[in-house]
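Undergrad: Next comes the structure file structure-v1.txt, holding compact mmCIF, C-alpha atoms.
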```
# COMPACT_ATOMS: atom_id res chain seq x y z
CA MET N 406 6.24 1.19 1.78
CA SER N 407 4.56 -1.20 -0.71
CA ARG N 408 6.84 -4.03 0.42
CA LEU N 409 5.91 -3.39 4.06
CA LYS N 410 2.22 -3.50 3.13
CA ASN N 411 2.72 -6.76 1.23
CA PHE N 412 4.60 -8.19 4.18
CA SER N 413 1.76 -7.23 6.53
CA ILE N 414 -0.74 -8.93 4.21
CA ILE N 415 1.38 -12.10 4.11
CA THR N 416 1.65 -12.09 7.90
CA PHE N 417 -2.12 -11.64 8.20
CA ILE N 418 -2.77 -14.52 5.81
CA LEU N 419 -0.43 -16.75 7.78
CA PHE N 420 -2.27 -15.75 10.96
CA LEU N 421 -5.60 -16.75 9.40
CA VAL N 422 -4.17 -20.09 8.30
CA GLY N 423 -3.49 -20.75 11.97
CA PHE N 424 -7.20 -21.03 12.77
CA ILE N 425 -7.84 -24.56 11.56
CA ILE N 426 -10.54 -27.01 12.58
CA GLN N 427 -8.98 -30.45 12.84
CA ILE N 428 -10.84 -33.75 13.34
CA GLY N 429 -8.43 -36.31 14.67
CA ASN N 430 -7.00 -38.37 17.41
CA GLU N 431 -6.91 -36.24 20.56
CA SER N 432 -3.82 -37.89 22.00
CA LYS N 433 -1.92 -37.40 18.76
CA LEU N 434 -2.83 -33.72 18.60
CA LYS N 435 -1.55 -33.14 22.13
CA GLU N 436 1.90 -34.10 20.94
CA LEU N 437 1.97 -30.82 19.00
CA THR N 438 3.05 -28.75 21.99
CA GLN N 439 2.71 -25.40 20.27
CA LEU N 440 -1.06 -25.73 19.86
CA ASN N 441 -3.79 -24.34 22.11
CA TYR N 442 -6.93 -26.36 22.52
CA THR N 443 -10.48 -25.10 23.16
CA ASN N 444 -13.38 -27.54 23.33
CA ASP N 445 -16.60 -26.21 21.84
CA LYS N 446 -19.15 -29.02 21.57
CA ASN N 447 -22.04 -26.64 20.95
CA ARG N 448 -20.43 -25.67 17.67
CA PHE N 449 -21.11 -29.10 16.16
CA LEU N 450 -24.31 -31.01 15.53
CA ASN N 451 -22.79 -34.34 16.56
CA THR N 452 -21.81 -33.69 20.16
CA ASN N 453 -20.84 -37.32 20.69
CA SER N 454 -17.84 -36.99 18.39
CA LYS N 455 -14.50 -35.76 19.70
CA PHE N 456 -14.04 -32.37 18.12
CA SER N 457 -11.58 -29.67 19.06
CA GLN N 458 -11.07 -26.16 17.81
CA VAL N 459 -7.33 -25.88 17.28
CA ARG N 460 -5.41 -22.64 16.99
CA VAL N 461 -1.85 -22.65 15.68
CA ARG N 462 -0.28 -19.41 16.81
CA ASP N 463 2.46 -17.41 15.19
CA PHE N 464 5.46 -15.85 16.94
CA MET N 465 4.88 -12.61 18.82
CA PHE N 466 5.59 -9.76 16.45
CA TYR N 467 7.29 -6.36 16.51
CA GLN N 468 6.39 -3.81 13.84
CA CYS N 469 9.80 -2.43 12.92
CA GLY N 470 9.50 1.03 11.41
CA ASP N 471 12.81 0.96 9.57
CA VAL N 472 13.79 -2.34 7.94
CA LYS N 473 16.91 -2.44 5.80
CA ARG N 474 18.17 -5.15 3.46
CA ILE N 475 21.90 -5.78 3.83
CA GLY N 476 24.05 -7.68 1.32
CA GLY N 477 23.23 -9.59 -1.83
CA LYS N 478 25.31 -9.93 -4.96
CA LYS N 479 25.64 -6.75 -7.01
CA GLU N 480 23.83 -8.05 -10.09
CA PHE N 481 20.78 -9.04 -8.00
CA VAL N 482 20.75 -5.79 -6.02
CA GLU N 483 20.86 -3.68 -9.19
CA ASN N 484 17.96 -5.57 -10.75
CA ALA N 485 15.75 -5.88 -7.67
CA PRO N 486 12.36 -4.15 -8.13
CA ASP N 487 12.66 -2.37 -4.77
CA GLU N 488 15.03 -2.03 -1.83
CA LEU N 489 13.27 -4.68 0.29
CA PHE N 490 12.89 -7.34 -2.39
CA ARG N 491 14.33 -10.64 -1.18
CA ILE N 492 17.74 -11.45 -2.63
CA ASP N 493 19.60 -14.67 -1.92
CA GLY N 494 22.56 -13.86 0.30
CA ALA N 495 21.00 -10.69 1.69
CA TRP N 496 19.57 -10.35 5.19
CA TYR N 497 17.39 -7.78 6.94
CA ILE N 498 18.05 -5.74 10.06
CA CYS N 499 15.84 -3.44 12.11
CA LEU N 500 17.16 0.10 12.47
CA ASP N 501 14.68 1.28 15.11
CA SER N 502 16.01 3.12 18.15
CA ARG N 503 18.77 1.30 20.03
CA ALA N 504 18.35 -1.80 17.85
CA LYS N 505 20.30 -0.01 15.12
CA PRO N 506 23.99 -0.97 15.02
CA GLU N 507 26.04 1.97 16.23
CA LYS N 508 28.58 2.87 13.58
CA SER N 509 32.17 1.80 14.39
CA LYS N 510 30.99 0.37 17.74
CA CYS N 511 29.01 -2.64 16.55
CA ASN N 512 29.73 -6.37 16.50
CA VAL N 513 28.43 -8.88 13.95
CA LEU N 514 28.69 -12.64 14.39
CA SER N 515 28.02 -14.38 11.07
CA LEU N 516 27.69 -18.16 11.28
CA GLY N 517 27.63 -19.70 7.81
CA VAL N 518 28.97 -17.67 4.89
CA ASN N 519 29.19 -20.14 2.02
CA HIS N 520 30.24 -18.45 -1.24
CA ASP N 521 28.52 -15.15 -0.48
CA MET N 522 30.00 -12.86 2.17
CA SER N 523 28.13 -9.78 0.90
CA PHE N 524 26.17 -9.35 4.16
CA ASP N 525 29.35 -9.48 6.23
CA GLU N 526 31.11 -7.12 3.84
CA GLU N 527 28.34 -4.51 3.91
CA MET N 528 28.08 -4.58 7.71
CA HIS N 529 31.85 -4.08 7.76
CA SER N 530 31.89 -1.23 5.23
CA SER N 531 28.62 0.63 5.87
CA PHE N 532 28.46 0.35 9.65
CA GLU N 533 32.19 -0.21 10.28
CA CYS N 534 31.27 -3.13 12.53
CA ARG N 535 33.72 -5.66 13.83
CA VAL N 536 32.74 -8.76 11.85
CA PHE N 537 33.44 -12.37 12.80
CA SER N 538 32.62 -14.72 9.92
CA PHE N 539 32.46 -18.51 10.30
CA ASP N 540 32.21 -21.36 7.81
CA PRO N 541 33.92 -24.74 8.29
CA TYR N 542 33.57 -26.08 4.75
CA VAL N 543 33.43 -23.21 2.22
CA GLU N 544 35.58 -20.17 1.53
CA ASP N 545 34.31 -17.18 -0.41
CA LYS N 546 36.72 -15.98 -3.09
CA LYS N 547 37.77 -13.03 -0.93
CA PHE N 548 38.99 -15.36 1.81
CA LYS N 549 40.51 -17.85 -0.61
CA ASP N 550 42.54 -15.10 -2.29
CA LEU N 551 43.80 -14.01 1.11
CA ARG N 552 44.88 -17.56 1.95
CA ASP N 553 46.58 -18.02 -1.42
CA SER N 554 48.53 -14.79 -0.97
CA ASP N 555 50.55 -16.20 1.92
CA PRO N 556 51.83 -19.81 2.05
CA SER N 557 51.92 -19.66 5.85
CA LEU N 558 48.10 -19.46 5.82
CA ASN N 559 47.59 -22.72 3.92
CA ASP N 560 46.42 -24.67 6.97
CA SER N 561 45.29 -21.79 9.13
CA SER N 562 41.75 -21.90 10.50
CA ILE N 563 41.83 -18.14 11.05
CA LEU N 564 42.21 -15.50 8.33
CA LYS N 565 42.48 -11.85 9.30
CA VAL N 566 40.97 -9.66 6.59
CA ASP N 567 41.81 -6.47 8.49
CA ASP N 568 41.67 -5.10 12.02
CA ARG N 569 37.86 -5.28 12.05
CA TRP N 570 37.12 -8.46 10.11
CA ILE N 571 38.20 -12.05 10.79
CA PHE N 572 37.18 -15.21 8.96
CA TYR N 573 37.23 -18.52 10.83
CA ARG N 574 37.28 -21.75 8.81
CA VAL N 575 35.44 -23.27 11.78
CA GLY N 576 31.80 -24.14 12.38
CA ILE N 577 29.28 -24.25 15.21
CA ILE N 578 27.75 -27.28 16.88
CA GLY N 579 24.83 -27.33 19.27
CA GLN N 580 26.57 -29.10 22.13
CA THR N 581 29.83 -30.95 22.57
CA ASN N 582 31.47 -32.81 25.41
CA ASN N 583 34.88 -32.41 23.82
CA THR N 584 36.43 -29.07 24.69
CA LYS N 585 38.60 -27.74 21.90
CA ASP N 586 41.95 -26.04 22.33
CA LEU N 587 40.93 -22.66 20.94
CA SER N 588 44.56 -21.70 20.36
CA ASN N 589 45.07 -24.68 18.07
CA LEU N 590 41.91 -25.06 16.01
CA LYS N 591 41.97 -27.04 12.79
CA ILE N 592 40.09 -26.29 9.58
CA LYS N 593 36.56 -27.80 9.77
CA ASP N 594 36.59 -28.02 13.58
CA LEU N 595 33.16 -27.62 15.16
CA ILE N 596 32.81 -25.70 18.42
CA SER N 597 29.97 -24.56 20.66
CA PHE N 598 28.46 -21.08 20.85
CA ASP N 599 30.17 -20.56 24.22
CA GLU N 600 33.50 -21.46 22.67
CA ILE N 601 32.84 -19.04 19.81
CA LEU N 602 32.27 -16.26 22.34
CA ASP N 603 35.65 -17.02 23.91
CA LEU N 604 37.42 -17.40 20.56
CA THR N 605 36.18 -14.04 19.27
CA LYS N 606 36.47 -12.34 22.67
CA LEU N 607 32.82 -11.36 22.38
CA ARG N 608 31.85 -12.78 25.76
CA ASP N 609 29.87 -10.22 27.78
CA LYS N 610 29.86 -7.84 24.82
CA VAL N 611 26.80 -6.76 22.86
CA ILE N 612 26.37 -8.56 19.54
CA ASP N 613 24.40 -6.24 17.28
CA VAL N 614 23.54 -8.96 14.77
CA LEU N 615 23.83 -12.71 15.21
CA LYS N 616 23.27 -14.20 11.76
CA MET N 617 23.03 -17.98 11.38
CA ASP N 618 22.74 -19.87 8.10
CA ILE N 619 24.19 -23.30 8.88
CA GLU N 620 21.95 -25.64 6.83
CA GLY N 621 20.31 -27.74 9.54
CA PRO N 622 22.05 -27.70 12.95
CA GLU N 623 20.30 -24.44 13.93
CA LYS N 624 17.76 -26.47 15.93
CA ASP N 625 20.45 -27.82 18.25
CA VAL N 626 22.20 -24.46 18.54
CA ILE N 627 18.96 -22.76 19.63
CA LYS N 628 18.12 -25.63 21.96
CA ASN N 629 21.38 -25.05 23.83
CA LEU N 630 21.26 -21.24 23.69
CA ASP N 631 21.31 -19.62 27.14
CA MET N 632 18.35 -17.24 26.88
CA ASN N 633 19.36 -15.17 29.90
CA TYR N 634 22.66 -14.45 28.18
CA ALA N 635 21.06 -13.90 24.76
CA CYS N 636 18.50 -11.45 26.14
CA LYS N 637 21.26 -9.40 27.72
CA TYR N 638 23.78 -9.31 24.88
CA ILE N 639 22.20 -10.13 21.48
CA LYS N 640 20.34 -7.25 19.79
CA ALA N 641 19.12 -9.10 16.70
CA PHE N 642 19.02 -12.80 15.87
CA VAL N 643 18.39 -13.62 12.20
CA PHE N 644 18.59 -17.15 10.86
CA GLU N 645 17.40 -19.69 8.35
CA THR N 646 15.47 -22.75 9.47
CA HIS N 647 14.92 -26.12 7.83
CA VAL N 648 12.46 -29.01 8.07
CA ARG N 649 13.81 -30.24 11.42
CA SER N 650 12.97 -26.96 13.17
CA LYS N 651 9.56 -26.86 14.86
CA PHE N 652 7.66 -24.09 16.61
CA ALA N 653 8.28 -25.74 19.97
CA ASP N 654 12.04 -25.56 19.31
CA LEU N 655 11.97 -21.84 18.57
CA VAL N 656 9.33 -20.43 20.92
CA LYS N 657 11.93 -20.08 23.73
CA LEU N 658 13.20 -17.04 21.84
CA GLU N 659 10.08 -15.15 22.89
CA LYS N 660 11.63 -14.61 26.30
CA CYS N 661 12.93 -11.33 24.83
CA PHE N 662 12.87 -11.58 21.01
CA ARG N 663 10.06 -10.57 18.68
CA LEU N 664 9.71 -11.44 15.01
CA PHE N 665 9.99 -8.33 12.83
CA TRP N 666 10.44 -9.89 9.36
CA ARG N 667 10.21 -13.26 7.66
CA HIS N 668 10.66 -14.94 4.34
CA THR N 669 8.92 -18.27 3.93
CA ARG N 670 11.08 -19.08 0.90
CA PHE N 671 8.19 -20.08 -1.35
CA ARG N 672 6.28 -18.07 -3.90
CA GLU N 673 4.00 -19.50 -6.58
CA GLY N 674 3.62 -22.68 -8.53
CA ASN N 675 1.32 -25.53 -9.50
CA SER N 676 -0.42 -26.12 -6.19
CA ARG N 677 -3.17 -28.12 -7.93
CA GLY N 678 -0.92 -30.60 -9.68
CA PRO N 679 -0.60 -34.32 -8.87
CA THR N 680 1.94 -33.65 -6.12
CA GLY N 681 0.88 -30.11 -5.23
CA HIS N 682 3.72 -27.70 -4.66
CA LEU N 683 4.63 -24.05 -4.37
CA ALA N 684 7.80 -23.04 -6.19
CA GLY N 685 10.83 -21.82 -4.29
CA PHE N 686 12.44 -18.40 -4.42
CA GLN N 687 14.23 -17.16 -7.59
CA ASN N 688 14.67 -20.60 -9.17
CA SER N 689 11.51 -22.70 -9.47
CA GLU N 690 13.61 -25.83 -9.89
CA ASP N 691 15.64 -25.16 -6.76
CA TRP N 692 13.14 -26.02 -4.05
CA ALA N 693 9.51 -27.05 -3.79
CA LEU N 694 6.91 -27.37 -1.07
CA LYS N 695 5.27 -30.76 -1.55
CA MET N 696 1.86 -31.06 0.06
CA LYS N 697 2.11 -34.81 0.28
CA ASN N 698 4.89 -34.43 2.86
CA PHE N 699 2.44 -33.03 5.43
CA HIS N 700 0.15 -35.24 7.50
CA ASN N 701 -2.55 -32.59 7.85
CA GLU N 702 -3.29 -28.89 7.78
CA LEU N 703 -1.74 -28.42 11.20
CA ASN N 704 1.65 -29.67 10.04
CA LEU N 705 1.44 -27.39 7.01
CA ALA N 706 0.50 -24.35 9.12
CA GLU N 707 3.39 -25.00 11.51
CA PHE N 708 5.76 -25.27 8.57
CA MET N 709 4.56 -21.94 7.19
CA PHE N 710 5.21 -20.21 10.50
CA THR N 711 8.65 -21.69 11.17
CA ASN N 712 10.36 -22.49 7.87
CA GLY N 713 12.55 -20.10 5.93
CA GLU N 714 14.30 -16.98 7.12
CA LEU N 715 13.21 -15.60 10.51
CA TYR N 716 14.22 -12.19 11.78
CA PHE N 717 14.03 -11.41 15.50
CA VAL N 718 14.84 -8.24 17.40
CA ASN N 719 15.50 -8.04 21.15
CA ILE N 720 12.83 -5.91 22.85
CA ASN N 721 15.37 -4.98 25.54
CA PHE N 722 17.06 -2.82 22.88
CA ILE N 723 13.93 -1.06 21.62
```
Starting from the coordinates I provided, produce the structure as structure tokens.

TA:
Amino acid sequence: MSRLKNFSIITFILFLVGFIIQIGNESKLKELTQLNYTNDKNRFLNTNSKFSQVRVRDFMFYQCGDVKRIGGKKEFVENAPDELFRIDGAWYICLDSRAKPEKSKCNVLSLGVNHDMSFDEEMHSSFECRVFSFDPYVEDKKFKDLRDSDPSLNDSSILKVDDRWIFYRVGIIGQTNNTKDLSNLKIKDLISFDEILDLTKLRDKVIDVLKMDIEGPEKDVIKNLDMNYACKYIKAFVFETHVRSKFADLVKLEKCFRLFWRHTRFREGNSRGPTGHLAGFQNSEDWALKMKNFHNELNLAEFMFTNGELYFVNINFI
């Protein structure tokens, strides 16, 4: 409960940050398509100046009553201060109503596994979901051991863990004009989301969790995502964003998705130093938010709303 309260406080603070008065070039501000503009000349003494009251809005939100952390390496899970503490490699799902994955009848599409397949493994073991894991460049030890156990799998892009879990040494790309032969995929091939649906035979089937951690191309994947299809078949969409992702790129998700959880991926640090920064999660040397990289408060506010891990649930399943 304390973590939920802290999360609500963080969300409220981020909401307040959104109300920023910005003096600037009006034409430049209009390029920020996610902003709403309200002129209020009576608010200022100098009515001859071009002032605007600018509001940066957050994503529409759903207050999930039952959030669960899934995955994370054992040593981190055992030492976490509470069950909702953020752990690298773990993700969160909403267990409200129909949004909850139905045991032994659920499907999980995990795009980007790296060296930590703990989320995929727990969805497979705890919920008995059918899990489809993808990563074109990295194999977790579990998958590598499987490949090494059979010489015939040396060059295979598909590794079958068991009847309910398959690993694909293949990645996703936002859009491609080159159709791949799905029956003859090579290791490190990149295919579209539509092709992934055909490859996994998930087309026109409900995907309980679509998890995406692909280190950058998420912007292009979301840009090309058919929202009519997503609203009908994807229960939860959880993903990590990076600097290239902007609010305008992600707001299309609001057609049916609502944010129920987020991690901005920064905590505390020397924000008053010569460069100004907030330290990253877990390892303060791993990542830093540098104030000098932002043109103004508006850019910083947008970054706070859109960067990190975002967790959306489909309101059609609530």

Undergrad: So what do you get for CA of Asn519 (chain N) versus CA of Asp493 (chain N), distance-wise?

TA: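 CA of Asn519 (chain N) sits 11.7 Å away from CA of Asp493 (chain N).
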
Undergrad: Would you list the contacts of region 465-481 of chain N as number ranges by chain, taking every protein, DNA or RNA residue within 10 Å and counting all atoms listed in the file, but skipping same-chain residues closer than 2 positions in sequence?

TA: N: 409, 413, 416, 462-463, 483-486, 488-502, 504-505, 521-528, 531, 656, 658-659, 662-666, 717-720, 723

Undergrad: Could you jot down the CA of Lys547 (chain N) to CA of His520 (chain N) separation for me, Å, one decimal place?

TA: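 A separation of 9.3 Å between them.
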
Undergrad: Between CA of His529 (chain N) and CA of Leu715 (chain N), what is the distance in Å, rounded to a tenth?

TA: 22.1 Å

Undergrad: Nearest to His668 (chain N): which of N:Asn712, N:Gln580, N:Asn589, N:Asn512 is it, counting all atoms listed in the file?

TA: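 Closest residue, counting all atoms listed in the file: N:Asn712.
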
Undergrad: Could you check which of N:Asn704, N:Ser597, N:Ser554, N:Ser538 is closest to Ile578 (chain N), using only C-alpha atoms?

TA: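 Of N:Asn704, N:Ser597, N:Ser554, N:Ser538, the one nearest Ile578 (chain N) is N:Ser597, counting only C-alpha atoms.
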
Undergrad: What's the 10 Å shell around Asp586 (chain N), counting all atoms listed in the file, without same-chain residues fewer than 5 positions away, as an MDAnalysis selection string?

TA: chainID N and resid 591 596 600 604

Undergrad: For Phe537 (chain N), which residue out of N:Glu714, N:Asp550, N:Asp567, N:Asp599 is the nearest one, using all atoms listed in the file?

TA: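 Once distances to Phe537 (chain N) are computed over all atoms listed in the file, the minimum belongs to N:Asp567.
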